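Asker: Below you'll find query03.cif; it's mmCIF, all heavy atoms.
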```cif
data_target
loop_
_atom_site.label_atom_id
_atom_site.label_comp_id
_atom_site.auth_asym_id
_atom_site.auth_seq_id
_atom_site.Cartn_x
_atom_site.Cartn_y
_atom_site.Cartn_z
N MET A 1097 84.11 -3.94 32.33
CA MET A 1097 83.60 -2.58 32.37
C MET A 1097 82.66 -2.45 33.57
O MET A 1097 81.73 -3.24 33.73
CB MET A 1097 82.87 -2.27 31.06
CG MET A 1097 82.19 -0.93 31.06
SD MET A 1097 81.44 -0.62 29.46
CE MET A 1097 82.06 0.99 29.19
N ALA A 1098 82.88 -1.47 34.41
CA ALA A 1098 82.06 -1.26 35.60
C ALA A 1098 80.72 -0.64 35.23
O ALA A 1098 80.64 0.19 34.32
CB ALA A 1098 82.80 -0.37 36.58
N HIS A 1099 79.72 -1.05 35.97
CA HIS A 1099 78.38 -0.50 35.77
C HIS A 1099 78.25 0.75 36.62
O HIS A 1099 78.50 0.73 37.81
CB HIS A 1099 77.33 -1.53 36.18
CG HIS A 1099 75.94 -1.03 36.07
ND1 HIS A 1099 75.33 -0.83 34.85
CD2 HIS A 1099 75.03 -0.67 37.00
CE1 HIS A 1099 74.11 -0.38 35.05
NE2 HIS A 1099 73.91 -0.27 36.35
N SER A 1100 77.86 1.86 36.02
CA SER A 1100 77.72 3.09 36.78
C SER A 1100 76.28 3.22 37.28
O SER A 1100 75.33 2.85 36.58
CB SER A 1100 78.09 4.29 35.92
OG SER A 1100 77.30 4.33 34.76
N PRO A 1101 76.11 3.72 38.50
CA PRO A 1101 74.76 3.87 39.06
C PRO A 1101 74.00 4.95 38.32
O PRO A 1101 74.60 5.82 37.67
CB PRO A 1101 75.03 4.29 40.51
CG PRO A 1101 76.38 4.89 40.50
CD PRO A 1101 77.14 4.20 39.40
N PRO A 1102 72.68 4.92 38.40
CA PRO A 1102 71.89 5.95 37.73
C PRO A 1102 72.20 7.32 38.34
O PRO A 1102 72.48 7.44 39.53
CB PRO A 1102 70.44 5.54 38.00
CG PRO A 1102 70.50 4.60 39.13
CD PRO A 1102 71.85 3.97 39.12
N THR A 1103 72.16 8.33 37.53
CA THR A 1103 72.45 9.68 38.03
C THR A 1103 71.22 10.30 38.69
O THR A 1103 71.35 11.15 39.55
CB THR A 1103 72.93 10.59 36.88
OG1 THR A 1103 71.95 10.57 35.85
CG2 THR A 1103 74.26 10.10 36.35
N ASP A 1104 70.04 9.87 38.33
CA ASP A 1104 68.81 10.40 38.93
C ASP A 1104 68.24 9.36 39.87
O ASP A 1104 67.51 8.47 39.47
CB ASP A 1104 67.80 10.75 37.83
CG ASP A 1104 66.51 11.31 38.39
OD1 ASP A 1104 66.45 11.57 39.61
OD2 ASP A 1104 65.56 11.49 37.62
N LEU A 1105 68.56 9.47 41.16
CA LEU A 1105 68.12 8.47 42.12
C LEU A 1105 66.65 8.63 42.51
O LEU A 1105 66.09 7.78 43.18
CB LEU A 1105 69.00 8.52 43.37
CG LEU A 1105 70.47 8.20 43.13
CD1 LEU A 1105 71.26 8.35 44.41
CD2 LEU A 1105 70.63 6.81 42.55
N ASN A 1106 66.02 9.72 42.09
CA ASN A 1106 64.62 9.95 42.43
C ASN A 1106 63.66 9.51 41.33
O ASN A 1106 62.47 9.70 41.44
CB ASN A 1106 64.39 11.44 42.73
CG ASN A 1106 65.09 11.86 43.99
OD1 ASN A 1106 65.09 11.12 44.96
ND2 ASN A 1106 65.70 13.03 43.98
N ARG A 1107 64.17 8.90 40.31
CA ARG A 1107 63.28 8.46 39.22
C ARG A 1107 62.38 7.33 39.72
O ARG A 1107 62.75 6.57 40.60
CB ARG A 1107 64.07 8.04 38.01
CG ARG A 1107 64.91 6.81 38.23
CD ARG A 1107 65.71 6.50 37.02
NE ARG A 1107 66.51 5.32 37.31
CZ ARG A 1107 67.15 4.64 36.41
NH1 ARG A 1107 67.10 5.01 35.16
NH2 ARG A 1107 67.85 3.59 36.74
N ASN A 1108 61.21 7.22 39.16
CA ASN A 1108 60.26 6.20 39.60
C ASN A 1108 59.81 5.30 38.47
O ASN A 1108 58.79 4.65 38.56
CB ASN A 1108 59.06 6.83 40.30
CG ASN A 1108 58.21 7.65 39.35
OD1 ASN A 1108 58.56 7.84 38.20
ND2 ASN A 1108 57.10 8.15 39.85
N SER A 1109 60.58 5.24 37.41
CA SER A 1109 60.23 4.34 36.32
C SER A 1109 61.49 3.70 35.78
O SER A 1109 62.59 4.18 36.00
CB SER A 1109 59.50 5.08 35.21
OG SER A 1109 60.34 6.05 34.63
N GLY A 1110 61.32 2.59 35.13
CA GLY A 1110 62.47 1.88 34.58
C GLY A 1110 62.01 0.81 33.63
O GLY A 1110 60.91 0.87 33.07
N ALA A 1111 62.81 -0.23 33.49
CA ALA A 1111 62.53 -1.30 32.55
C ALA A 1111 61.26 -2.05 32.89
O ALA A 1111 60.63 -2.64 32.03
CB ALA A 1111 63.72 -2.26 32.50
N HIS A 1112 60.86 -2.03 34.16
CA HIS A 1112 59.68 -2.79 34.59
C HIS A 1112 58.45 -1.92 34.76
O HIS A 1112 57.46 -2.34 35.33
CB HIS A 1112 59.99 -3.53 35.89
CG HIS A 1112 61.11 -4.51 35.73
ND1 HIS A 1112 61.00 -5.66 35.00
CD2 HIS A 1112 62.39 -4.47 36.18
CE1 HIS A 1112 62.15 -6.31 35.01
NE2 HIS A 1112 63.01 -5.60 35.72
N GLY A 1113 58.52 -0.70 34.31
CA GLY A 1113 57.35 0.16 34.36
C GLY A 1113 57.44 1.19 35.47
O GLY A 1113 58.42 1.30 36.18
N ASP A 1114 56.37 1.93 35.62
CA ASP A 1114 56.29 3.02 36.58
C ASP A 1114 55.91 2.47 37.94
O ASP A 1114 54.83 1.90 38.11
CB ASP A 1114 55.24 4.01 36.09
CG ASP A 1114 55.16 5.26 36.93
OD1 ASP A 1114 55.77 5.30 38.02
OD2 ASP A 1114 54.47 6.20 36.50
N ILE A 1115 56.78 2.63 38.94
CA ILE A 1115 56.49 2.05 40.25
C ILE A 1115 55.39 2.80 40.99
O ILE A 1115 54.84 2.29 41.95
CB ILE A 1115 57.75 1.97 41.12
CG1 ILE A 1115 58.30 3.35 41.44
CG2 ILE A 1115 58.78 1.07 40.51
CD1 ILE A 1115 59.38 3.36 42.50
N SER A 1116 55.05 4.00 40.54
CA SER A 1116 53.98 4.73 41.21
C SER A 1116 52.62 4.07 40.99
O SER A 1116 51.66 4.37 41.69
CB SER A 1116 53.95 6.19 40.75
OG SER A 1116 53.60 6.26 39.39
N THR A 1117 52.54 3.14 40.03
CA THR A 1117 51.28 2.45 39.78
C THR A 1117 51.21 1.10 40.47
O THR A 1117 50.25 0.37 40.32
CB THR A 1117 51.05 2.25 38.27
OG1 THR A 1117 52.12 1.47 37.74
CG2 THR A 1117 50.98 3.58 37.55
N ALA A 1118 52.24 0.75 41.24
CA ALA A 1118 52.24 -0.53 41.95
C ALA A 1118 51.12 -0.54 42.99
O ALA A 1118 50.85 0.47 43.62
CB ALA A 1118 53.59 -0.77 42.63
N GLY A 1119 50.48 -1.68 43.16
CA GLY A 1119 49.37 -1.79 44.10
C GLY A 1119 49.84 -2.11 45.50
O GLY A 1119 49.45 -3.13 46.06
N PHE A 1120 50.68 -1.27 46.09
CA PHE A 1120 51.22 -1.52 47.42
C PHE A 1120 50.39 -0.77 48.45
O PHE A 1120 50.06 0.39 48.28
CB PHE A 1120 52.67 -1.03 47.48
CG PHE A 1120 53.32 -1.25 48.82
CD1 PHE A 1120 53.82 -2.49 49.15
CD2 PHE A 1120 53.40 -0.23 49.74
CE1 PHE A 1120 54.41 -2.71 50.39
CE2 PHE A 1120 53.98 -0.43 50.97
CZ PHE A 1120 54.49 -1.67 51.29
N THR A 1121 50.05 -1.48 49.53
CA THR A 1121 49.36 -0.83 50.64
C THR A 1121 50.19 -1.01 51.90
O THR A 1121 51.01 -1.92 51.99
CB THR A 1121 47.96 -1.44 50.87
OG1 THR A 1121 48.12 -2.80 51.27
CG2 THR A 1121 47.11 -1.35 49.63
N SER A 1122 49.97 -0.16 52.88
CA SER A 1122 50.75 -0.24 54.11
C SER A 1122 50.49 -1.55 54.85
O SER A 1122 51.35 -2.05 55.56
CB SER A 1122 50.44 0.96 55.01
OG SER A 1122 49.07 0.98 55.35
N GLY A 1123 49.34 -2.15 54.67
CA GLY A 1123 49.02 -3.42 55.31
C GLY A 1123 49.89 -4.56 54.80
O GLY A 1123 50.11 -5.54 55.50
N MET A 1124 50.37 -4.43 53.57
CA MET A 1124 51.23 -5.47 53.01
C MET A 1124 52.53 -5.60 53.81
O MET A 1124 53.04 -6.70 54.00
CB MET A 1124 51.57 -5.17 51.55
CG MET A 1124 50.41 -5.31 50.61
SD MET A 1124 50.94 -4.78 48.98
CE MET A 1124 49.66 -5.50 47.99
N LEU A 1125 53.06 -4.49 54.28
CA LEU A 1125 54.29 -4.52 55.06
C LEU A 1125 54.07 -5.28 56.37
O LEU A 1125 54.91 -6.09 56.78
CB LEU A 1125 54.79 -3.11 55.34
CG LEU A 1125 56.13 -2.99 56.05
CD1 LEU A 1125 57.22 -3.70 55.28
CD2 LEU A 1125 56.48 -1.53 56.25
N ASP A 1126 52.94 -5.05 57.02
CA ASP A 1126 52.62 -5.78 58.25
C ASP A 1126 52.54 -7.28 57.98
O ASP A 1126 53.00 -8.09 58.79
CB ASP A 1126 51.29 -5.30 58.83
CG ASP A 1126 51.38 -3.88 59.37
OD1 ASP A 1126 52.49 -3.45 59.72
OD2 ASP A 1126 50.33 -3.21 59.43
N GLU A 1127 51.97 -7.67 56.86
CA GLU A 1127 51.87 -9.08 56.51
C GLU A 1127 53.26 -9.68 56.28
O GLU A 1127 53.53 -10.80 56.72
CB GLU A 1127 51.00 -9.27 55.27
CG GLU A 1127 49.53 -8.96 55.51
CD GLU A 1127 48.72 -9.04 54.24
OE1 GLU A 1127 49.14 -9.72 53.28
OE2 GLU A 1127 47.64 -8.42 54.20
N LEU A 1128 54.13 -8.94 55.60
CA LEU A 1128 55.49 -9.43 55.36
C LEU A 1128 56.25 -9.59 56.67
O LEU A 1128 56.96 -10.57 56.87
CB LEU A 1128 56.25 -8.49 54.43
CG LEU A 1128 55.87 -8.56 52.96
CD1 LEU A 1128 56.57 -7.46 52.18
CD2 LEU A 1128 56.18 -9.92 52.39
N VAL A 1129 56.10 -8.64 57.58
CA VAL A 1129 56.77 -8.72 58.88
C VAL A 1129 56.29 -9.96 59.61
O VAL A 1129 57.08 -10.71 60.19
CB VAL A 1129 56.52 -7.44 59.71
CG1 VAL A 1129 56.96 -7.64 61.15
CG2 VAL A 1129 57.25 -6.26 59.09
N SER A 1130 55.00 -10.22 59.58
CA SER A 1130 54.45 -11.39 60.25
C SER A 1130 55.01 -12.69 59.66
O SER A 1130 55.36 -13.61 60.41
CB SER A 1130 52.92 -11.39 60.12
OG SER A 1130 52.38 -12.54 60.69
N ILE A 1131 55.12 -12.75 58.36
CA ILE A 1131 55.69 -13.94 57.71
C ILE A 1131 57.13 -14.15 58.15
O ILE A 1131 57.53 -15.26 58.51
CB ILE A 1131 55.59 -13.81 56.17
CG1 ILE A 1131 54.13 -13.89 55.73
CG2 ILE A 1131 56.44 -14.87 55.48
CD1 ILE A 1131 53.89 -13.49 54.29
N PHE A 1132 57.94 -13.09 58.14
CA PHE A 1132 59.34 -13.22 58.53
C PHE A 1132 59.48 -13.57 60.00
O PHE A 1132 60.39 -14.31 60.39
CB PHE A 1132 60.13 -11.97 58.18
CG PHE A 1132 60.44 -11.88 56.71
CD1 PHE A 1132 59.84 -10.92 55.91
CD2 PHE A 1132 61.33 -12.77 56.12
CE1 PHE A 1132 60.13 -10.85 54.56
CE2 PHE A 1132 61.62 -12.70 54.77
CZ PHE A 1132 61.02 -11.74 53.98
N GLN A 1133 58.58 -13.07 60.86
CA GLN A 1133 58.63 -13.44 62.28
C GLN A 1133 58.35 -14.92 62.45
O GLN A 1133 58.99 -15.59 63.27
CB GLN A 1133 57.62 -12.61 63.07
CG GLN A 1133 58.04 -11.18 63.25
CD GLN A 1133 56.94 -10.33 63.89
OE1 GLN A 1133 55.76 -10.63 63.78
NE2 GLN A 1133 57.35 -9.26 64.53
N THR A 1134 57.40 -15.44 61.70
CA THR A 1134 57.08 -16.87 61.78
C THR A 1134 58.27 -17.71 61.32
O THR A 1134 58.64 -18.69 61.98
CB THR A 1134 55.84 -17.18 60.92
OG1 THR A 1134 54.74 -16.41 61.40
CG2 THR A 1134 55.50 -18.65 60.96
N VAL A 1135 58.87 -17.33 60.21
CA VAL A 1135 60.02 -18.08 59.69
C VAL A 1135 61.18 -17.99 60.68
O VAL A 1135 61.84 -18.99 60.97
CB VAL A 1135 60.44 -17.55 58.30
CG1 VAL A 1135 61.77 -18.14 57.86
CG2 VAL A 1135 59.35 -17.84 57.28
N ARG A 1136 61.42 -16.82 61.24
CA ARG A 1136 62.51 -16.65 62.21
C ARG A 1136 62.28 -17.52 63.43
O ARG A 1136 63.20 -18.14 63.95
CB ARG A 1136 62.64 -15.18 62.60
CG ARG A 1136 63.81 -14.92 63.50
CD ARG A 1136 63.98 -13.45 63.81
NE ARG A 1136 62.73 -12.90 64.29
CZ ARG A 1136 62.40 -11.62 64.19
NH1 ARG A 1136 63.22 -10.77 63.62
NH2 ARG A 1136 61.26 -11.17 64.67
N GLY A 1137 61.04 -17.60 63.91
CA GLY A 1137 60.72 -18.46 65.04
C GLY A 1137 60.95 -19.92 64.73
O GLY A 1137 61.49 -20.67 65.55
N TYR A 1138 60.56 -20.34 63.55
CA TYR A 1138 60.77 -21.73 63.13
C TYR A 1138 62.26 -22.05 63.08
O TYR A 1138 62.70 -23.08 63.58
CB TYR A 1138 60.13 -21.96 61.75
CG TYR A 1138 60.50 -23.29 61.15
CD1 TYR A 1138 59.85 -24.46 61.54
CD2 TYR A 1138 61.52 -23.40 60.20
CE1 TYR A 1138 60.19 -25.69 60.99
CE2 TYR A 1138 61.87 -24.61 59.65
CZ TYR A 1138 61.20 -25.76 60.05
OH TYR A 1138 61.55 -26.97 59.52
N GLU A 1139 63.02 -21.15 62.47
CA GLU A 1139 64.47 -21.39 62.36
C GLU A 1139 65.13 -21.41 63.73
O GLU A 1139 66.02 -22.23 63.98
CB GLU A 1139 65.11 -20.31 61.48
CG GLU A 1139 64.71 -20.43 60.03
CD GLU A 1139 65.19 -19.28 59.17
OE1 GLU A 1139 65.53 -18.21 59.71
OE2 GLU A 1139 65.23 -19.47 57.94
N ALA A 1140 64.69 -20.53 64.63
CA ALA A 1140 65.25 -20.52 65.98
C ALA A 1140 64.93 -21.82 66.70
O ALA A 1140 65.77 -22.38 67.41
CB ALA A 1140 64.71 -19.33 66.76
N TRP A 1141 63.71 -22.33 66.54
CA TRP A 1141 63.34 -23.59 67.18
C TRP A 1141 64.15 -24.75 66.60
O TRP A 1141 64.57 -25.64 67.34
CB TRP A 1141 61.85 -23.86 67.05
CG TRP A 1141 61.46 -25.05 67.86
CD1 TRP A 1141 61.19 -26.30 67.42
CD2 TRP A 1141 61.35 -25.10 69.29
NE1 TRP A 1141 60.91 -27.14 68.47
CE2 TRP A 1141 61.00 -26.43 69.64
CE3 TRP A 1141 61.51 -24.17 70.31
CZ2 TRP A 1141 60.81 -26.83 70.95
CZ3 TRP A 1141 61.31 -24.57 71.61
CH2 TRP A 1141 60.97 -25.89 71.92
N GLN A 1142 64.36 -24.75 65.29
CA GLN A 1142 65.16 -25.80 64.68
C GLN A 1142 66.59 -25.77 65.22
O GLN A 1142 67.20 -26.82 65.43
CB GLN A 1142 65.19 -25.64 63.15
CG GLN A 1142 63.84 -25.89 62.50
CD GLN A 1142 63.31 -27.28 62.76
OE1 GLN A 1142 63.98 -28.26 62.51
NE2 GLN A 1142 62.11 -27.35 63.29
N ALA A 1143 67.13 -24.60 65.45
CA ALA A 1143 68.51 -24.47 65.92
C ALA A 1143 68.65 -24.71 67.42
O ALA A 1143 69.67 -25.25 67.86
CB ALA A 1143 69.05 -23.08 65.57
N ASN A 1144 67.63 -24.35 68.21
CA ASN A 1144 67.77 -24.35 69.67
C ASN A 1144 66.66 -25.07 70.42
O ASN A 1144 66.65 -25.07 71.64
CB ASN A 1144 67.85 -22.91 70.18
CG ASN A 1144 68.97 -22.15 69.55
OD1 ASN A 1144 70.11 -22.54 69.61
ND2 ASN A 1144 68.64 -21.03 68.90
N GLY A 1145 65.73 -25.67 69.69
CA GLY A 1145 64.57 -26.28 70.34
C GLY A 1145 64.91 -27.43 71.28
O GLY A 1145 64.32 -27.55 72.34
N GLU A 1146 65.87 -28.24 70.90
CA GLU A 1146 66.24 -29.36 71.76
C GLU A 1146 66.80 -28.84 73.09
O GLU A 1146 66.43 -29.32 74.16
CB GLU A 1146 67.28 -30.24 71.06
CG GLU A 1146 67.65 -31.47 71.86
CD GLU A 1146 68.62 -32.37 71.11
OE1 GLU A 1146 68.76 -32.23 69.88
OE2 GLU A 1146 69.23 -33.21 71.79
N TRP A 1147 67.66 -27.85 73.03
CA TRP A 1147 68.21 -27.26 74.24
C TRP A 1147 67.10 -26.63 75.11
O TRP A 1147 67.06 -26.80 76.31
CB TRP A 1147 69.26 -26.20 73.89
CG TRP A 1147 69.84 -25.54 75.10
CD1 TRP A 1147 70.90 -25.99 75.82
CD2 TRP A 1147 69.37 -24.36 75.73
NE1 TRP A 1147 71.13 -25.13 76.86
CE2 TRP A 1147 70.20 -24.12 76.84
CE3 TRP A 1147 68.34 -23.47 75.46
CZ2 TRP A 1147 70.03 -23.03 77.68
CZ3 TRP A 1147 68.16 -22.39 76.30
CH2 TRP A 1147 69.00 -22.17 77.39
N ALA A 1148 66.20 -25.90 74.45
CA ALA A 1148 65.11 -25.24 75.19
C ALA A 1148 64.20 -26.25 75.86
O ALA A 1148 63.74 -26.05 76.98
CB ALA A 1148 64.29 -24.35 74.24
N SER A 1149 63.96 -27.38 75.21
CA SER A 1149 63.11 -28.42 75.80
C SER A 1149 63.76 -29.06 77.02
O SER A 1149 63.08 -29.53 77.92
CB SER A 1149 62.81 -29.51 74.76
OG SER A 1149 62.04 -28.99 73.72
N GLN A 1150 65.06 -29.10 77.05
CA GLN A 1150 65.79 -29.72 78.15
C GLN A 1150 65.91 -28.78 79.36
O GLN A 1150 66.23 -29.21 80.45
CB GLN A 1150 67.18 -30.13 77.71
CG GLN A 1150 67.17 -31.25 76.69
CD GLN A 1150 68.55 -31.54 76.13
OE1 GLN A 1150 69.52 -30.88 76.48
NE2 GLN A 1150 68.62 -32.53 75.24
N HIS A 1151 65.69 -27.50 79.17
CA HIS A 1151 65.88 -26.53 80.26
C HIS A 1151 64.57 -25.92 80.57
O HIS A 1151 63.88 -25.31 80.77
CB HIS A 1151 66.91 -25.47 79.88
CG HIS A 1151 68.27 -26.06 79.69
ND1 HIS A 1151 68.70 -26.59 78.51
CD2 HIS A 1151 69.29 -26.26 80.56
CE1 HIS A 1151 69.91 -27.05 78.64
NE2 HIS A 1151 70.31 -26.87 79.87
#
```
Go ahead and render the structure in this file as structure tokens.
Answerer:
Amino acid sequence: MAHSPPTDLNRNSGAHGDISTAGFTSGMLDELVSIFQTVRGYEAWQANGEWASQH
């Protein structure tokens, strides 16, 4: 049986509570971006660091 999507896509509550009460700040997004940039740099160095060191 296929799962049908919710008909009200603008709802802000569900099984985990009301998302309007979440303690999210705009600064949190900047912190997440910084974390992913660090991880991406690490992964790039692991994949290409030996080549970069030789050139």
Asker: Please measure the separation of CD2 of His1151 in chain A and atom O of Gln1133 in chain A, giving the value in Å to one decimal.
Answerer: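 Distance reported for this atom pair: 22.8 Å.
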Asker: Any idea what the distance is between CZ of Phe1132 in chain A and CD1 of Phe1120 in chain A?
Answerer: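 Atom-to-atom, CZ of Phe1132 in chain A and CD1 of Phe1120 in chain A are spaced 12.7 Å apart.
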Asker: By how many Å are CB of Gln1142 in chain A and atom O of Gly1123 in chain A apart?
Answerer: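 Taking CB of Gln1142 in chain A and atom O of Gly1123 in chain A, their separation equals 26.3 Å.
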